[in-house]
$ cat structure_28.csv   # CSV, C-alpha atoms
chain,number,residue,atom,x,y,z
A,255,MET,CA,4.0,-14.3,-16.6
A,256,SER,CA,3.7,-12.8,-13.1
A,257,THR,CA,3.0,-15.0,-10.2
A,258,ILE,CA,-0.3,-14.3,-8.4
A,259,ARG,CA,0.0,-14.0,-4.7
A,260,GLU,CA,-3.0,-14.0,-2.4
A,261,ILE,CA,-4.2,-13.2,1.1
A,262,GLN,CA,-7.2,-15.2,2.0
A,263,ILE,CA,-9.4,-13.8,4.8
A,264,ALA,CA,-12.2,-15.8,6.5
A,265,VAL,CA,-15.0,-14.3,8.6
A,266,ASP,CA,-17.5,-16.5,10.5
A,267,ASP,CA,-21.3,-15.9,10.0
A,268,THR,CA,-21.7,-14.0,13.3
A,269,SER,CA,-18.8,-11.7,12.7
A,270,LEU,CA,-19.9,-11.2,9.1
A,271,ALA,CA,-23.4,-10.1,10.1
A,272,ALA,CA,-22.1,-7.7,12.8
A,273,LEU,CA,-19.5,-6.1,10.5
A,274,LYS,CA,-22.0,-5.6,7.8
A,275,ASP,CA,-24.6,-4.2,10.2
A,276,LEU,CA,-22.1,-1.7,11.5
A,277,GLY,CA,-20.9,-0.6,8.1
A,278,TYR,CA,-17.4,-2.0,8.2
A,279,ALA,CA,-15.2,-2.5,5.1
A,280,LEU,CA,-12.0,-4.5,4.7
A,281,TYR,CA,-9.0,-2.3,3.9
A,282,ALA,CA,-5.5,-3.3,2.8
A,283,LEU,CA,-2.3,-1.2,2.8
A,284,ARG,CA,1.3,-1.7,1.9
A,285,ALA,CA,4.5,-0.9,3.8
A,286,VAL,CA,7.1,1.3,2.1
A,287,ASP,CA,10.6,2.6,2.9
A,288,THR,CA,11.2,6.1,1.6
A,289,ASN,CA,13.6,9.1,2.0
A,290,ASN,CA,10.6,11.4,2.5
A,291,ALA,CA,9.3,11.8,6.1
A,292,GLY,CA,6.1,13.3,4.7
A,293,ALA,CA,5.1,10.1,2.8
A,294,ARG,CA,1.8,8.4,3.5
A,295,ALA,CA,0.6,4.9,2.9
A,296,LEU,CA,-2.6,4.8,0.9
A,297,VAL,CA,-5.4,2.3,0.9
A,298,TRP,CA,-4.9,0.0,-2.2
A,299,ALA,CA,-7.9,-2.2,-1.5
A,300,ALA,CA,-11.2,-1.2,0.0
A,301,VAL,CA,-13.7,-4.1,0.0
A,302,ALA,CA,-17.2,-3.3,1.2
A,303,ASP,CA,-18.8,-6.5,-0.2
A,304,PHE,CA,-16.5,-8.9,1.7
A,305,LEU,CA,-17.9,-12.4,2.3
A,306,ASN,CA,-17.2,-15.4,4.6
A,307,GLN,CA,-14.2,-16.0,2.3
A,308,THR,CA,-12.5,-13.0,0.7
A,309,THR,CA,-9.3,-13.2,-1.4
A,310,LEU,CA,-7.0,-10.2,-2.0
A,311,ALA,CA,-4.7,-10.7,-5.0
A,312,LEU,CA,-1.5,-8.8,-4.5
A,313,PRO,CA,-0.4,-6.6,-7.4
A,314,SER,CA,3.0,-7.7,-8.9
A,315,THR,CA,3.7,-4.6,-11.0
A,316,LEU,CA,4.5,-1.0,-10.2
A,317,GLN,CA,3.9,2.3,-11.8
A,318,ALA,CA,5.4,5.7,-10.8
A,319,TYR,CA,3.2,8.7,-10.8
A,320,VAL,CA,3.2,12.5,-10.1
A,321,THR,CA,0.1,14.5,-9.3
A,322,THR,CA,-0.9,18.2,-9.1
A,323,ARG,CA,-3.9,19.7,-7.4
A,324,GLY,CA,-5.0,16.2,-6.4
A,325,SER,CA,-5.5,14.9,-9.9
A,326,VAL,CA,-3.3,12.2,-11.5
A,327,MET,CA,-1.1,13.6,-14.2
A,328,ASP,CA,0.8,10.4,-15.2
A,329,VAL,CA,0.2,6.9,-14.0
A,330,SER,CA,3.0,4.7,-15.6
A,331,VAL,CA,5.0,5.9,-18.6
A,332,GLY,CA,5.4,3.4,-21.4
A,333,ASP,CA,6.5,0.2,-19.6
A,334,GLU,CA,5.9,-0.3,-15.9
A,335,VAL,CA,8.7,0.7,-13.6
A,336,VAL,CA,10.8,-1.8,-11.7
A,337,LEU,CA,13.1,-1.4,-8.7
A,338,GLY,CA,16.1,0.7,-9.7
A,339,ASP,CA,14.3,2.8,-12.2
A,340,VAL,CA,14.3,6.6,-12.2
A,341,PHE,CA,11.1,8.4,-13.2
A,342,THR,CA,11.7,12.0,-14.2
A,343,TYR,CA,8.9,14.5,-14.8
A,344,VAL,CA,9.6,17.6,-16.9
A,345,ALA,CA,7.0,20.3,-17.7
A,346,GLY,CA,5.9,20.3,-21.3
A,347,GLY,CA,7.4,16.9,-22.1
A,348,ALA,CA,6.6,13.2,-21.5
A,349,PRO,CA,8.1,11.8,-18.3
A,350,THR,CA,11.1,9.4,-18.8
A,351,VAL,CA,12.0,6.1,-17.1
A,352,THR,CA,15.7,5.3,-17.0
A,353,PRO,CA,17.8,2.8,-15.0
A,354,GLY,CA,20.5,3.8,-12.5
A,355,GLY,CA,18.5,4.7,-9.4
A,356,ASN,CA,18.5,3.2,-5.9
A,357,PRO,CA,18.3,-0.6,-6.4
A,358,ARG,CA,15.9,-1.0,-3.5
A,359,GLY,CA,13.2,1.3,-4.9
A,360,VAL,CA,11.9,3.6,-7.6
A,361,THR,CA,13.3,7.2,-7.7
A,362,VAL,CA,10.9,10.0,-8.8
A,363,LEU,CA,12.5,13.3,-9.8
A,364,ASN,CA,10.7,16.6,-10.3
A,365,GLY,CA,12.3,18.4,-13.2
A,366,THR,CA,10.1,21.5,-12.7
A,367,THR,CA,10.1,24.3,-10.1
A,368,ASP,CA,6.5,23.5,-9.1
A,369,PRO,CA,5.5,21.4,-6.1
A,370,LEU,CA,4.0,18.0,-6.9
A,371,THR,CA,2.9,14.9,-5.2
A,372,ALA,CA,4.7,11.7,-6.1
A,373,GLY,CA,4.4,8.0,-5.4
A,374,LEU,CA,3.8,4.5,-6.6
A,375,ALA,CA,0.8,2.7,-7.9
A,376,ALA,CA,0.0,-1.0,-8.5
A,377,GLY,CA,-2.6,-3.2,-10.0
A,378,SER,CA,-5.5,-1.4,-11.8
A,379,PRO,CA,-3.6,0.9,-11.0
A,380,THR,CA,-4.3,1.9,-7.5
A,381,LEU,CA,-2.0,4.4,-5.7
A,382,PHE,CA,-0.5,2.9,-2.5
A,383,VAL,CA,2.0,5.6,-1.4
A,384,SER,CA,2.4,9.3,-1.9
A,385,ALA,CA,4.7,12.1,-0.7
A,386,PRO,CA,5.3,15.8,-1.4
A,387,LEU,CA,7.8,16.4,-4.1
A,388,TYR,CA,9.0,20.0,-4.3
A,389,GLY,CA,10.6,21.7,-7.3
A,390,LEU,CA,13.8,20.1,-8.6
A,391,GLY,CA,13.6,17.5,-5.8
A,392,GLY,CA,13.6,13.7,-5.7
A,393,ASP,CA,11.8,11.0,-3.7
A,394,ILE,CA,12.6,7.3,-3.4
A,395,PHE,CA,9.9,4.7,-2.7
A,396,ALA,CA,11.0,1.2,-1.8
A,397,PRO,CA,7.9,-1.0,-1.5
A,398,LYS,CA,8.2,-3.7,1.1
A,399,ASP,CA,6.7,-7.2,1.0
A,400,SER,CA,4.6,-6.3,4.1
A,401,PHE,CA,0.9,-5.8,3.8
A,402,LEU,CA,-1.7,-4.7,6.5
A,403,VAL,CA,-5.3,-5.7,6.5
A,404,THR,CA,-7.9,-4.2,8.8
A,405,PHE,CA,-11.7,-3.7,9.2
A,406,SER,CA,-12.9,-0.1,9.6
A,407,THR,CA,-15.9,2.2,9.2
A,408,ALA,CA,-13.7,5.0,7.8
A,409,GLY,CA,-15.7,5.0,4.5
A,410,LEU,CA,-12.6,5.4,2.3
A,411,SER,CA,-11.9,4.6,-1.3
A,412,PRO,CA,-8.6,3.2,-2.7
A,413,GLY,CA,-5.9,5.9,-2.8
A,414,ALA,CA,-7.1,7.5,0.5
A,415,VAL,CA,-5.1,7.9,3.7
A,416,LEU,CA,-6.0,5.7,6.7
A,417,ASN,CA,-4.2,6.9,9.7
A,418,THR,CA,-5.6,4.9,12.6
A,419,SER,CA,-7.1,1.4,13.0
A,420,MET,CA,-10.6,1.0,14.4
A,421,SER,CA,-10.2,-2.7,15.1
A,422,GLN,CA,-7.3,-5.1,15.6
A,423,SER,CA,-5.2,-5.2,12.4
A,424,LEU,CA,-3.0,-7.9,10.9
A,425,LEU,CA,0.5,-7.1,9.4
A,426,ILE,CA,1.5,-9.8,7.0
A,427,ASP,CA,5.1,-10.4,5.7
A,428,MET,CA,4.6,-12.0,2.2
A,429,THR,CA,8.3,-12.6,1.7
A,430,GLY,CA,8.6,-16.0,0.1
A,431,GLN,CA,4.9,-16.6,0.5
A,432,ALA,CA,2.6,-17.3,-2.5
A,433,GLN,CA,-0.6,-17.6,-0.3
A,434,VAL,CA,-1.5,-17.0,3.3
A,435,ALA,CA,-4.7,-17.5,5.2
A,436,ALA,CA,-6.1,-15.7,8.2
A,437,SER,CA,-9.5,-15.3,9.9
A,438,PHE,CA,-11.2,-12.5,11.8
A,439,ASP,CA,-13.6,-12.6,14.7
A,440,ILE,CA,-15.3,-9.4,15.7
A,441,ASN,CA,-14.7,-10.2,19.4
A,442,LYS,CA,-11.4,-12.1,19.3
A,443,GLY,CA,-9.6,-10.4,16.5
A,444,TRP,CA,-7.2,-12.0,14.0
A,445,SER,CA,-6.1,-15.7,13.9
A,446,TYR,CA,-3.4,-17.0,11.7
A,447,GLY,CA,-2.1,-20.1,13.4
A,448,GLY,CA,0.8,-18.2,15.0
A,449,ALA,CA,2.7,-18.2,11.7
A,450,PRO,CA,6.0,-16.2,11.7
A,451,TRP,CA,4.6,-14.0,8.8
A,452,GLY,CA,1.9,-12.5,11.0
A,453,GLN,CA,1.8,-9.7,13.6
A,454,VAL,CA,-1.3,-8.2,15.2
A,455,LEU,CA,-1.7,-4.5,16.0
A,456,SER,CA,-4.2,-3.2,18.5
A,457,ALA,CA,-7.1,-1.1,17.7
A,458,GLY,CA,-6.1,2.6,17.7
A,459,ALA,CA,-2.7,1.8,16.2
A,460,ASN,CA,-0.9,4.5,14.2
A,461,LEU,CA,-0.9,2.8,10.8
A,462,GLN,CA,1.3,5.4,9.2
A,463,LYS,CA,4.0,4.9,11.8
A,464,THR,CA,3.8,1.1,11.2
A,465,LEU,CA,3.8,1.2,7.4
A,466,ILE,CA,6.2,4.1,6.6
A,467,THR,CA,9.9,4.0,7.5
A,468,THR,CA,12.6,6.3,6.2
A,469,MET,CA,15.8,5.5,4.4
A,470,PRO,CA,18.8,7.5,3.0
A,471,MET,CA,18.9,8.9,-0.5
A,472,ALA,CA,22.1,7.0,-1.3
A,473,LYS,CA,22.1,4.5,-4.2
A,474,SER,CA,23.5,1.6,-2.2
A,475,ALA,CA,21.2,-1.2,-1.2
$ encode --input "structure_28.csv" --output "structure tokens"
Amino acid sequence: MSTIREIQIAVDDTSLAALKDLGYALYALRAVDTNNAGARALVWAAVADFLNQTTLALPSTLQAYVTTRGSVMDVSVGDEVVLGDVFTYVAGGAPTVTPGGNPRGVTVLNGTTDPLTAGLAAGSPTLFVSAPLYGLGGDIFAPKDSFLVTFSTAGLSPGAVLNTSMSQSLLIDMTGQAQVAASFDINKGWSYGGAPWGQVLSAGANLQKTLITTMPMAKSA
């Protein structure tokens, strides 16, 4: 049975009223290493009905996907993918999942000569990273245990791209953590007791630059 990990977020009454009045929502994104410089981190949680205490449960499973014309073609194939798996899409046939890929991530291969979009999903499932995948090409996605939470009026749904923060954001390293707690004040920003797992980012930060880093295509860890 998968262990449930959580990020608990507290907001005081004054901040809650102001955030609601201004139309803010709470967004969460995940950091990813990839070989594709065109990859984008996607919103995996968008919470408009946040309260004084809001808990984000972190997905513990992964699904590989490919899309075309913006619509999802395949979200998970048979069993969920795990790190080291290779997801291969071939036109006219069911995608396959085999071992033997980069042990740090999931490899997605395009067995067609058509351009696609590829990435990973988690949870319900919700897409959290995507990248262009050209004909006969391959992308690697290595999800990191680093999550970013921020309040914004961007009006986005899960699966959308959030490029820039509108308020101070909190980057959380969940490595070895089952549960972390932080609080947000609309004037003072994030508080987390100075724990080593937290890092604040200023309003206006380039979230894609923070969350997406590149890695080589080699299979070595």
$ closest_residue --input "structure_28.csv" --among "A:Met469, A:Leu390, A:Leu410, A:Ile261" --to "Thr309 of chain A" --atoms "only C-alpha atoms"
A:Ile261
$ atom_distance --input "structure_28.csv" --atom1 "atom CA of Tyr319 of chain A" --atom2 "atom CA of Ala372 of chain A"
5.8 Å
$ closest_residue --input "structure_28.csv" --among "A:Ser378, A:Thr308, A:Gln433, A:Gln262" --to "Pro412 of chain A" --atoms "all atoms listed in the file"
A:Ser378
$ residues_around --input "structure_28.csv" --residues "Asp368 of chain A" --least-positions-apart "3" --cutoff "10 Å" --atoms "all atoms listed in the file" --output "compact mmCIF listing (two decimals) with C-alpha atoms, in the coordinates of the input"
# COMPACT_ATOMS: atom_id res chain seq x y z
CA THR A 322 -0.90 18.20 -9.10
CA ALA A 345 7.00 20.30 -17.70
CA ASN A 364 10.70 16.60 -10.30
CA GLY A 365 12.30 18.40 -13.20
CA LEU A 387 7.80 16.40 -4.10
CA TYR A 388 9.00 20.00 -4.30
CA GLY A 389 10.60 21.70 -7.30
CA LEU A 390 13.80 20.10 -8.60
CA GLY A 391 13.60 17.50 -5.80
$ closest_residue --input "structure_28.csv" --among "A:Pro379, A:Gly458, A:Gly338, A:Gly409" --to "Leu312 of chain A" --atoms "only C-alpha atoms"
A:Pro379
